[in-house]
$ cat protein.csv   # CSV, C-alpha atoms
chain,number,residue,atom,x,y,z
A,1,MET,CA,-24.2,-4.3,-27.1
A,2,ALA,CA,-21.5,-5.4,-24.6
A,3,ALA,CA,-22.4,-5.4,-21.0
A,4,PRO,CA,-21.0,-2.3,-19.3
A,5,VAL,CA,-18.1,-2.6,-16.9
A,6,ARG,CA,-17.1,0.3,-14.7
A,7,LEU,CA,-13.3,0.2,-13.9
A,8,LEU,CA,-11.2,1.8,-11.3
A,9,ILE,CA,-7.4,2.1,-11.7
A,10,LEU,CA,-5.3,1.8,-8.5
A,11,GLY,CA,-1.9,3.5,-8.9
A,12,THR,CA,-1.1,6.0,-11.6
A,13,GLY,CA,2.6,5.3,-12.5
A,14,GLY,CA,3.9,4.5,-15.9
A,15,MET,CA,2.4,1.0,-16.3
A,16,ALA,CA,-1.0,2.4,-15.4
A,17,ASN,CA,-1.1,4.4,-18.6
A,18,ASN,CA,-0.8,1.1,-20.6
A,19,HIS,CA,-3.7,-0.4,-18.6
A,20,ALA,CA,-5.8,2.7,-19.2
A,21,GLU,CA,-5.2,2.7,-22.9
A,22,LYS,CA,-5.9,-1.0,-23.3
A,23,PHE,CA,-9.1,-1.0,-21.3
A,24,LYS,CA,-10.4,2.1,-23.1
A,25,GLU,CA,-10.2,0.1,-26.4
A,26,ILE,CA,-12.7,-2.5,-25.1
A,27,GLU,CA,-16.4,-1.8,-25.9
A,28,GLY,CA,-18.5,-1.2,-22.9
A,29,VAL,CA,-15.7,-0.5,-20.5
A,30,THR,CA,-15.6,2.9,-18.8
A,31,LEU,CA,-12.8,4.2,-16.6
A,32,VAL,CA,-14.6,5.8,-13.7
A,33,GLY,CA,-12.0,6.4,-11.1
A,34,GLY,CA,-8.3,6.6,-10.2
A,35,ILE,CA,-6.6,6.2,-6.8
A,36,ASP,CA,-3.2,7.6,-5.8
A,37,THR,CA,-1.8,9.2,-2.7
A,38,ARG,CA,0.0,11.8,-4.8
A,39,PRO,CA,-2.6,14.5,-5.8
A,40,ASP,CA,-0.6,16.0,-8.7
A,41,GLN,CA,0.2,12.7,-10.3
A,42,LEU,CA,-3.4,11.5,-9.8
A,43,ALA,CA,-4.8,14.7,-11.4
A,44,ALA,CA,-2.4,14.5,-14.4
A,45,PHE,CA,-3.2,10.8,-15.0
A,46,CYS,CA,-7.0,11.3,-14.7
A,47,ASP,CA,-6.9,14.4,-17.0
A,48,ARG,CA,-4.9,12.4,-19.6
A,49,HIS,CA,-7.4,9.6,-19.7
A,50,GLY,CA,-10.7,11.5,-19.1
A,51,ILE,CA,-11.3,10.0,-15.6
A,52,ALA,CA,-13.8,11.8,-13.4
A,53,GLY,CA,-13.5,10.0,-10.1
A,54,ARG,CA,-10.3,10.9,-8.2
A,55,PHE,CA,-9.5,9.4,-4.8
A,56,GLY,CA,-6.6,9.8,-2.4
A,57,SER,CA,-7.3,6.5,-0.6
A,58,ILE,CA,-8.7,3.1,-1.1
A,59,ASP,CA,-11.2,3.7,1.7
A,60,ALA,CA,-12.6,6.7,-0.1
A,61,ALA,CA,-13.0,4.8,-3.3
A,62,ILE,CA,-14.7,1.9,-1.7
A,63,ALA,CA,-17.1,4.2,0.2
A,64,TRP,CA,-18.0,5.8,-3.1
A,65,GLY,CA,-18.5,2.3,-4.6
A,66,GLN,CA,-19.6,3.2,-8.1
A,67,PHE,CA,-17.4,0.7,-9.9
A,68,ASP,CA,-17.4,-3.0,-10.7
A,69,ALA,CA,-13.7,-3.9,-11.0
A,70,VAL,CA,-10.3,-2.6,-10.2
A,71,THR,CA,-6.9,-3.0,-11.9
A,72,ASN,CA,-4.1,-2.8,-9.4
A,73,VAL,CA,-1.0,-1.2,-10.8
A,74,THR,CA,0.8,-0.4,-7.5
A,75,PRO,CA,4.4,-1.5,-6.7
A,76,ASP,CA,5.0,-5.1,-5.9
A,77,ALA,CA,5.0,-4.8,-2.1
A,78,ALA,CA,1.7,-2.9,-2.1
A,79,HIS,CA,-0.3,-5.6,-3.9
A,80,TYR,CA,-1.2,-7.6,-0.8
A,81,PRO,CA,-2.5,-4.7,1.4
A,82,THR,CA,-4.2,-2.8,-1.4
A,83,THR,CA,-6.0,-5.8,-3.0
A,84,LEU,CA,-7.6,-7.3,0.1
A,85,PRO,CA,-10.0,-4.4,0.7
A,86,PHE,CA,-11.4,-4.6,-2.8
A,87,LEU,CA,-11.9,-8.4,-2.5
A,88,ALA,CA,-13.8,-7.8,0.8
A,89,ALA,CA,-15.9,-5.3,-1.0
A,90,GLY,CA,-16.9,-7.8,-3.7
A,91,LYS,CA,-15.0,-6.2,-6.6
A,92,HIS,CA,-13.3,-8.0,-9.4
A,93,VAL,CA,-9.5,-7.5,-9.4
A,94,LEU,CA,-6.8,-7.7,-12.0
A,95,CYS,CA,-3.4,-7.4,-10.2
A,96,GLU,CA,0.0,-6.7,-11.7
A,97,LYS,CA,2.6,-9.4,-11.2
A,98,PRO,CA,4.0,-10.7,-9.0
A,99,LEU,CA,0.8,-11.3,-7.0
A,100,ALA,CA,2.7,-10.6,-3.7
A,101,THR,CA,6.3,-10.6,-2.5
A,102,ASN,CA,6.1,-13.8,-0.4
A,103,GLU,CA,4.2,-17.1,-0.4
A,104,ALA,CA,2.1,-16.4,2.7
A,105,ASP,CA,0.7,-13.1,1.3
A,106,ALA,CA,0.0,-14.6,-2.1
A,107,ASP,CA,-1.8,-17.6,-0.5
A,108,ALA,CA,-3.9,-15.2,1.6
A,109,MET,CA,-4.9,-13.2,-1.5
A,110,ALA,CA,-5.8,-16.3,-3.5
A,111,ASP,CA,-7.9,-17.6,-0.5
A,112,ALA,CA,-9.6,-14.2,-0.1
A,113,ALA,CA,-10.4,-14.1,-3.8
A,114,ALA,CA,-11.9,-17.6,-3.8
A,115,LYS,CA,-14.1,-16.7,-0.8
A,116,ALA,CA,-15.3,-13.5,-2.4
A,117,GLY,CA,-16.3,-15.3,-5.5
A,118,VAL,CA,-15.1,-12.6,-7.8
A,119,VAL,CA,-13.1,-12.6,-11.0
A,120,ASN,CA,-9.4,-12.5,-10.0
A,121,MET,CA,-6.5,-12.4,-12.4
A,122,VAL,CA,-2.8,-11.7,-12.3
A,123,ASN,CA,-1.2,-9.8,-15.2
A,124,LEU,CA,1.4,-12.3,-16.5
A,125,SER,CA,1.7,-10.3,-19.7
A,126,TYR,CA,3.6,-12.8,-21.7
A,127,ARG,CA,0.4,-15.0,-21.7
A,128,ASN,CA,-0.5,-12.6,-24.5
A,129,VAL,CA,2.3,-14.0,-26.8
A,130,ALA,CA,0.7,-15.9,-29.6
A,131,ALA,CA,3.5,-18.5,-29.9
A,132,LEU,CA,3.2,-19.3,-26.2
A,133,GLN,CA,-0.5,-20.0,-26.5
A,134,LYS,CA,-0.1,-22.2,-29.6
A,135,ALA,CA,2.8,-24.1,-28.1
A,136,ALA,CA,0.8,-24.8,-24.9
A,137,ALA,CA,-2.1,-26.1,-27.0
A,138,MET,CA,0.2,-28.4,-29.0
A,139,VAL,CA,1.8,-29.9,-25.9
A,140,ARG,CA,-1.7,-30.5,-24.4
A,141,GLU,CA,-2.8,-32.2,-27.7
A,142,GLY,CA,0.2,-34.6,-27.4
A,143,ALA,CA,2.2,-33.2,-30.4
A,144,ILE,CA,5.6,-33.7,-28.8
A,145,GLY,CA,4.5,-36.7,-26.6
A,146,GLN,CA,5.8,-36.9,-23.0
A,147,VAL,CA,7.8,-33.8,-22.0
A,148,ARG,CA,11.3,-34.8,-21.0
A,149,HIS,CA,13.5,-31.7,-21.1
A,150,PHE,CA,13.4,-28.0,-21.5
A,151,GLU,CA,15.6,-24.9,-21.5
A,152,ALA,CA,14.2,-21.4,-20.8
A,153,SER,CA,15.7,-18.0,-20.5
A,154,TYR,CA,14.6,-14.4,-20.0
A,155,LEU,CA,17.4,-12.1,-21.3
A,156,GLN,CA,17.6,-8.3,-20.6
A,157,SER,CA,20.6,-5.9,-20.9
A,158,TRP,CA,19.6,-2.7,-19.2
A,159,LEU,CA,22.6,-2.8,-17.0
A,160,THR,CA,24.9,-2.7,-20.0
A,161,GLN,CA,23.3,0.0,-22.1
A,162,PRO,CA,20.6,2.8,-21.8
A,163,ALA,CA,18.0,1.7,-24.4
A,164,TRP,CA,15.3,2.0,-21.7
A,165,GLY,CA,17.0,4.7,-19.6
A,166,HIS,CA,20.1,5.2,-17.4
A,167,TRP,CA,19.9,2.7,-14.6
A,168,ASP,CA,22.4,4.5,-12.5
A,169,ARG,CA,20.5,7.8,-12.3
A,170,GLU,CA,16.7,7.0,-12.7
A,171,SER,CA,14.7,5.8,-9.7
A,172,GLN,CA,12.5,3.5,-11.9
A,173,TRP,CA,15.6,1.3,-12.4
A,174,LEU,CA,17.5,1.9,-9.2
A,175,TRP,CA,14.7,0.6,-7.0
A,176,ARG,CA,14.9,-2.7,-8.9
A,177,LEU,CA,18.5,-3.1,-7.7
A,178,SER,CA,17.8,-2.4,-4.0
A,179,THR,CA,16.3,-4.9,-1.6
A,180,LYS,CA,15.8,-2.0,0.8
A,181,HIS,CA,13.2,-0.7,-1.7
A,182,GLY,CA,11.4,-4.0,-2.0
A,183,SER,CA,13.2,-5.5,-5.0
A,184,LYS,CA,13.6,-9.3,-5.2
A,185,GLY,CA,16.1,-8.7,-8.0
A,186,VAL,CA,15.9,-10.3,-11.4
A,187,LEU,CA,14.5,-13.5,-9.8
A,188,GLY,CA,11.4,-11.7,-8.5
A,189,ASP,CA,11.1,-9.1,-11.4
A,190,VAL,CA,11.3,-11.3,-14.4
A,191,GLY,CA,11.8,-14.8,-13.0
A,192,ILE,CA,8.0,-15.1,-12.5
A,193,HIS,CA,7.5,-14.5,-16.2
A,194,ILE,CA,9.9,-17.1,-17.5
A,195,LEU,CA,8.8,-19.7,-14.9
A,196,ASP,CA,5.2,-19.2,-16.0
A,197,PHE,CA,6.3,-19.2,-19.6
A,198,ALA,CA,8.0,-22.6,-19.2
A,199,THR,CA,5.6,-24.4,-16.9
A,200,PHE,CA,2.4,-23.1,-18.7
A,201,ILE,CA,3.6,-24.5,-22.0
A,202,ALA,CA,4.7,-27.7,-20.4
A,203,GLY,CA,1.3,-28.0,-18.8
A,204,GLN,CA,2.9,-29.1,-15.5
A,205,SER,CA,3.8,-27.6,-12.2
A,206,ALA,CA,7.3,-27.6,-10.8
A,207,THR,CA,7.9,-30.0,-7.9
A,208,GLU,CA,11.5,-29.3,-7.1
A,209,VAL,CA,13.9,-26.4,-7.7
A,210,SER,CA,17.6,-25.5,-7.1
A,211,CYS,CA,18.8,-22.0,-7.7
A,212,ARG,CA,22.0,-19.9,-7.7
A,213,LEU,CA,21.9,-16.0,-7.7
A,214,ALA,CA,24.6,-13.5,-8.4
A,215,THR,CA,24.9,-9.8,-7.6
A,216,PHE,CA,27.7,-8.0,-9.5
A,217,HIS,CA,29.7,-5.0,-8.5
A,218,LYS,CA,28.5,-2.0,-10.4
A,219,VAL,CA,29.8,1.2,-8.7
A,220,PRO,CA,32.2,2.0,-6.0
A,221,GLY,CA,30.7,1.2,-2.6
A,222,ASP,CA,27.8,-0.6,-4.3
A,223,GLN,CA,25.4,2.2,-3.5
A,224,ILE,CA,23.9,5.2,-5.3
A,225,GLY,CA,22.2,7.7,-3.1
A,226,GLU,CA,19.6,6.0,-1.0
A,227,TYR,CA,19.8,2.8,-3.1
A,228,PRO,CA,22.1,0.0,-1.9
A,229,LEU,CA,22.8,-2.1,-5.0
A,230,ASP,CA,22.3,-5.5,-3.4
A,231,ALA,CA,19.5,-7.2,-5.3
A,232,ASN,CA,20.4,-10.2,-7.6
A,233,ASP,CA,21.3,-9.4,-11.2
A,234,SER,CA,21.4,-13.0,-12.6
A,235,ALA,CA,19.7,-16.2,-11.7
A,236,THR,CA,20.0,-19.8,-12.9
A,237,MET,CA,17.7,-22.6,-11.8
A,238,GLN,CA,17.2,-26.3,-12.3
A,239,VAL,CA,13.5,-27.3,-12.2
A,240,VAL,CA,11.9,-30.7,-12.0
A,241,LEU,CA,8.3,-31.1,-13.3
A,242,GLU,CA,5.5,-33.3,-12.1
A,243,ASN,CA,6.4,-36.1,-14.6
A,244,GLY,CA,10.1,-36.0,-13.7
A,245,ALA,CA,11.1,-33.9,-16.7
A,246,LEU,CA,14.2,-31.8,-16.1
A,247,GLY,CA,14.8,-28.2,-17.2
A,248,THR,CA,17.0,-25.2,-16.8
A,249,VAL,CA,15.8,-21.6,-16.4
A,250,ALA,CA,18.0,-18.5,-16.6
A,251,ALA,CA,17.3,-14.8,-16.1
A,252,THR,CA,19.7,-11.9,-16.3
A,253,ARG,CA,20.1,-8.2,-16.7
A,254,PHE,CA,23.5,-8.6,-18.3
A,255,ALA,CA,22.6,-10.3,-21.5
A,256,SER,CA,24.3,-7.8,-23.9
A,257,GLY,CA,22.6,-7.8,-27.2
A,258,HIS,CA,19.2,-8.7,-25.9
A,259,LEU,CA,16.8,-6.0,-24.8
A,260,ASN,CA,13.9,-8.1,-23.6
A,261,ASP,CA,13.9,-11.6,-25.0
A,262,LEU,CA,12.2,-14.8,-23.8
A,263,ARG,CA,13.0,-18.2,-25.2
A,264,LEU,CA,11.9,-21.8,-24.5
A,265,ARG,CA,13.1,-25.0,-26.1
A,266,ILE,CA,11.0,-27.9,-24.9
A,267,TYR,CA,11.5,-31.6,-25.9
A,268,GLY,CA,9.3,-34.6,-25.7
A,269,ASP,CA,9.7,-38.2,-26.9
A,270,LYS,CA,7.8,-37.4,-30.1
A,271,GLY,CA,9.0,-34.0,-31.0
A,272,GLY,CA,10.3,-30.6,-29.9
A,273,LEU,CA,9.2,-27.0,-29.9
A,274,GLU,CA,11.1,-23.7,-29.9
A,275,VAL,CA,9.2,-20.7,-28.6
A,276,SER,CA,10.6,-17.2,-28.7
A,277,TYR,CA,9.5,-13.6,-28.1
A,278,GLU,CA,12.4,-11.4,-29.3
A,279,ASN,CA,12.3,-7.8,-30.3
A,280,ASN,CA,8.5,-7.9,-29.8
A,281,VAL,CA,8.1,-10.6,-32.4
A,282,SER,CA,6.5,-14.0,-31.5
A,283,ARG,CA,7.8,-17.1,-33.2
A,284,LEU,CA,7.1,-20.8,-32.9
A,285,ARG,CA,9.1,-23.6,-34.6
A,286,ALA,CA,8.6,-27.4,-34.4
A,287,CYS,CA,10.4,-30.6,-35.2
A,288,LEU,CA,7.8,-33.4,-35.3
A,289,ALA,CA,7.4,-36.8,-37.0
A,290,PRO,CA,8.3,-37.5,-39.7
A,291,ASP,CA,11.1,-34.9,-39.5
A,292,LEU,CA,12.8,-36.2,-36.4
A,293,GLN,CA,15.4,-38.3,-38.1
A,294,ALA,CA,16.5,-35.5,-40.3
A,295,ALA,CA,16.1,-33.0,-37.5
A,296,GLU,CA,14.2,-30.6,-39.7
A,297,TRP,CA,12.5,-27.7,-38.0
A,298,HIS,CA,9.5,-25.7,-39.5
A,299,ASP,CA,7.7,-22.5,-38.5
A,300,VAL,CA,4.2,-22.9,-37.1
A,301,ASP,CA,1.6,-20.3,-37.5
A,302,ALA,CA,0.3,-18.9,-34.2
A,303,PRO,CA,-2.9,-16.8,-34.3
A,304,VAL,CA,-3.1,-13.7,-32.1
A,305,LEU,CA,-5.5,-14.2,-29.2
A,306,ALA,CA,-7.3,-11.9,-26.8
A,307,SER,CA,-5.1,-9.9,-24.4
A,308,ILE,CA,-5.1,-10.2,-20.6
A,309,TYR,CA,-7.3,-7.0,-20.5
A,310,GLN,CA,-9.8,-8.4,-22.9
A,311,ARG,CA,-9.9,-11.7,-21.0
A,312,PHE,CA,-10.4,-10.0,-17.7
A,313,ILE,CA,-13.5,-8.1,-19.0
A,314,ALA,CA,-14.8,-11.2,-20.8
A,315,ALA,CA,-14.5,-13.2,-17.5
A,316,ILE,CA,-16.5,-10.5,-15.7
A,317,ARG,CA,-19.2,-10.7,-18.3
A,318,GLY,CA,-19.3,-14.5,-18.0
A,319,GLU,CA,-17.9,-15.0,-21.5
A,320,GLY,CA,-14.5,-16.5,-20.6
A,321,VAL,CA,-12.3,-18.1,-18.0
A,322,ALA,CA,-10.3,-16.1,-15.5
A,323,ASP,CA,-6.8,-17.3,-16.3
A,324,PRO,CA,-4.1,-16.8,-15.0
A,325,ASP,CA,-5.9,-16.4,-11.7
A,326,PHE,CA,-4.6,-15.6,-8.1
A,327,ALA,CA,-4.2,-19.3,-7.4
A,328,ARG,CA,-1.7,-19.4,-10.3
A,329,GLY,CA,0.0,-16.3,-9.0
A,330,ALA,CA,0.3,-17.9,-5.6
A,331,ALA,CA,1.8,-21.1,-7.0
A,332,LEU,CA,4.4,-19.1,-8.9
A,333,GLN,CA,5.3,-17.1,-5.8
A,334,ARG,CA,5.7,-20.4,-3.9
A,335,LEU,CA,8.2,-21.5,-6.6
A,336,LEU,CA,10.0,-18.2,-6.4
A,337,ASP,CA,10.3,-18.4,-2.6
A,338,ARG,CA,11.8,-21.9,-2.8
A,339,ALA,CA,14.2,-20.7,-5.4
A,340,GLU,CA,15.3,-17.8,-3.2
A,341,GLN,CA,15.6,-20.2,-0.2
A,342,SER,CA,17.7,-22.6,-2.3
A,343,ALA,CA,20.1,-19.9,-3.3
A,344,GLY,CA,20.5,-18.9,0.3
A,345,GLN,CA,21.5,-22.5,1.0
A,346,GLY,CA,24.1,-22.7,-1.8
A,347,GLY,CA,21.8,-24.1,-4.5
A,348,LEU,CA,20.3,-26.9,-2.4
A,349,SER,CA,17.5,-28.6,-4.2
A,350,LEU,CA,14.1,-28.0,-2.5
A,351,LYS,CA,10.7,-29.4,-2.9
A,352,VAL,CA,8.0,-26.9,-4.0

$ encode --input "protein.csv" --output "C-alpha cells"
Amino acid sequence: MAAPVRLLILGTGGMANNHAEKFKEIEGVTLVGGIDTRPDQLAAFCDRHGIAGRFGSIDAAIAWGQFDAVTNVTPDAAHYPTTLPFLAAGKHVLCEKPLATNEADADAMADAAAKAGVVNMVNLSYRNVAALQKAAAMVREGAIGQVRHFEASYLQSWLTQPAWGHWDRESQWLWRLSTKHGSKGVLGDVGIHILDFATFIAGQSATEVSCRLATFHKVPGDQIGEYPLDANDSATMQVVLENGALGTVAATRFASGHLNDLRLRIYGDKGGLEVSYENNVSRLRACLAPDLQAAEWHDVDAPVLASIYQRFIAAIRGEGVADPDFARGAALQRLLDRAEQSAGQGGLSLKV
C-alpha cells in the first residue's frame, strides 16, 4: 500500500481544479484542506472536491497543521510571500510557475527550501511532454553529438480569436495584459516554459541572452476598464549556452493558427532533433547517422512518463527525484530577468 500523503491546496482558482483532480487520482493521496481568502469560492471548491478542511488564511492552516504537503496555485506575485511560511513549517511544496516574479525572491525561495530540507518542485507542466523527456535523454546519451544550434518557439493566438475566451472582456485574460496587475507579459507567462523546454533538452544552462519585446496597440487608449494594456505581447531572444551553442527563442500571443504550440529544433555535429507539442499531441523526429547525407528524418517513439503531480508525491515518499526544483525555477527567473533587462536596453546582450 502506498504511503499516505495529506495534501493542502492553496488558492482555489481555475488551475486549482486541475491540481485537485490529478492528485485525487494518485493512490494514498488525500486532499485534506483548502485555503482562500474568498469564503464563497473556497466553499464551492471544497464542496466540489470533497475537502473537509477550509481555511481563510495561511496562518490558520499552519496552526491546524494536519497536512504533509501543499500545492501553491495562487497568482504569480503571491508565490513568494505564500510559500515561505510553509517552508518554515517544514511542509513539502509544489509551486505553480513562475517560482516568483523576480530573481531576488526566487533565490530566497530556493534558499529557504534547501534549508528546510523538504521536497520542493515548480510546476513546469511541459516537463510532462513525452517527446521532451525522450529528446533530453537522447541528447544526454550523445545521439546528436555536441549541441551547436537551436530554434525554439511558443506560439499562442488568444489575442486574435476567442477559442479560450474573449480577451477583451474577461479578467482571466485582461490581467495578463496589464503590468499594473502583476503581468510580465508573454515573456513571463510562457517565456519560462519555452526557455525550460529548450535548455532542459539541450542539457545546458544559458550564459548570455539578448531580447526584444513588443507591445501592440489593441484598443483605443490602450486600456479596458482598470486594465492598462501595457504588458508585452511578443518576445524574441538570442541565447548562448554553456558550450557556446547559439539559439533563438520566440514567444507570442499573435501566432494566428496556433492555439498553444511549442516547438524545438536542436542540432548537433552528429544529428538533429525536432520536438513538438501541438494540438496537445507530442511528437519527436530525428535525423541521425547514417541518414545525415540524405537529410532523412524519422519519427521516434517517446513513452509517456509520470506527471509532475505523480513525481511530487513520489519524491515525498522517497521514491523519486524532485525535479524541476526551486533551484531550477530560480535559475529560469534569473534568465527571464536578464531578458527583460536586455529589452529595456534595446536588446543589449547580457550575461546570465

$ closest_residue --input "protein.csv" --among "A:Val219, A:Ala100, A:Ala214, A:Ala235" --to "A:Ala331" --atoms "all atoms listed in the file"
A:Ala100

$ residues_around --input "protein.csv" --residues "A:Pro98" --least-positions-apart "6" --cutoff "8 Å" --atoms "only C-alpha atoms" --output "list in words"
Asp76, Val122, Gly188, Asp189, Ile192, Gly329 and Gln333 of chain A

$ closest_residue --input "protein.csv" --among "A:Ser183, A:Thr71, A:Asn123, A:Gln293" --to "A:Thr83" --atoms "all atoms listed in the file"
A:Thr71

$ residues_around --input "protein.csv" --residues "A:Ala295" --least-positions-apart "5" --cutoff "10 Å" --atoms "all atoms listed in the file" --output "PDB file with C-alpha atoms, in the coordinates of the input"
ATOM      1  CA  GLY A 271       9.000 -34.000 -31.000  1.00  0.00           C
ATOM      2  CA  GLY A 272      10.300 -30.600 -29.900  1.00  0.00           C
ATOM      3  CA  ALA A 286       8.600 -27.400 -34.400  1.00  0.00           C
ATOM      4  CA  CYS A 287      10.400 -30.600 -35.200  1.00  0.00           C
ATOM      5  CA  LEU A 288       7.800 -33.400 -35.300  1.00  0.00           C
ATOM      6  CA  ALA A 289       7.400 -36.800 -37.000  1.00  0.00           C
ATOM      7  CA  PRO A 290       8.300 -37.500 -39.700  1.00  0.00           C
TER       8      PRO A 290
END

$ atom_distance --input "protein.csv" --atom1 "atom CA of A:Lys351" --atom2 "atom CA of A:Val186"
21.5 Å

$ atom_distance --input "protein.csv" --atom1 "atom CA of A:Ala339" --atom2 "atom CA of A:Arg212"
8.2 Å

$ build_atoms --input "protein.csv" --residues "stretch 269-285 of chain A" --atoms "N, CA and C atoms" --output "compact mmCIF listing (two decimals), keeping the file's coordinate frame"
# COMPACT_ATOMS: atom_id res chain seq x y z
N ASP A 269 9.21 -37.01 -26.21
CA ASP A 269 9.70 -38.20 -26.90
C ASP A 269 9.13 -38.38 -28.29
N LYS A 270 8.31 -37.39 -28.73
CA LYS A 270 7.80 -37.40 -30.10
C LYS A 270 8.08 -36.17 -30.89
N GLY A 271 8.76 -35.22 -30.29
CA GLY A 271 9.00 -34.00 -31.00
C GLY A 271 9.53 -32.88 -30.09
N GLY A 272 9.82 -31.74 -30.70
CA GLY A 272 10.30 -30.60 -29.90
C GLY A 272 9.72 -29.30 -30.44
N LEU A 273 9.70 -28.29 -29.57
CA LEU A 273 9.20 -27.00 -29.90
C LEU A 273 10.21 -25.91 -29.48
N GLU A 274 10.32 -24.86 -30.25
CA GLU A 274 11.10 -23.70 -29.90
C GLU A 274 10.18 -22.49 -29.90
N VAL A 275 10.06 -21.83 -28.77
CA VAL A 275 9.20 -20.70 -28.60
C VAL A 275 10.02 -19.47 -28.29
N SER A 276 9.80 -18.37 -29.01
CA SER A 276 10.60 -17.20 -28.70
C SER A 276 9.71 -15.93 -28.81
N TYR A 277 10.09 -14.95 -28.02
CA TYR A 277 9.50 -13.60 -28.10
C TYR A 277 10.66 -12.66 -28.01
N GLU A 278 11.14 -12.24 -29.17
CA GLU A 278 12.40 -11.40 -29.30
C GLU A 278 12.10 -10.21 -30.12
N ASN A 279 12.55 -9.05 -29.64
CA ASN A 279 12.30 -7.80 -30.30
C ASN A 279 10.83 -7.60 -30.64
N ASN A 280 10.00 -8.02 -29.67
CA ASN A 280 8.50 -7.90 -29.80
C ASN A 280 7.93 -8.73 -30.88
N VAL A 281 8.65 -9.74 -31.33
CA VAL A 281 8.10 -10.60 -32.40
C VAL A 281 8.02 -12.05 -31.79
N SER A 282 6.84 -12.64 -31.96
CA SER A 282 6.50 -14.00 -31.50
C SER A 282 6.81 -15.00 -32.56
N ARG A 283 7.51 -16.09 -32.22
CA ARG A 283 7.80 -17.10 -33.20
C ARG A 283 7.76 -18.51 -32.59
N LEU A 284 7.20 -19.45 -33.35
CA LEU A 284 7.10 -20.80 -32.90
C LEU A 284 7.67 -21.73 -34.01
N ARG A 285 8.58 -22.65 -33.65
CA ARG A 285 9.10 -23.60 -34.60
C ARG A 285 8.95 -25.01 -33.98
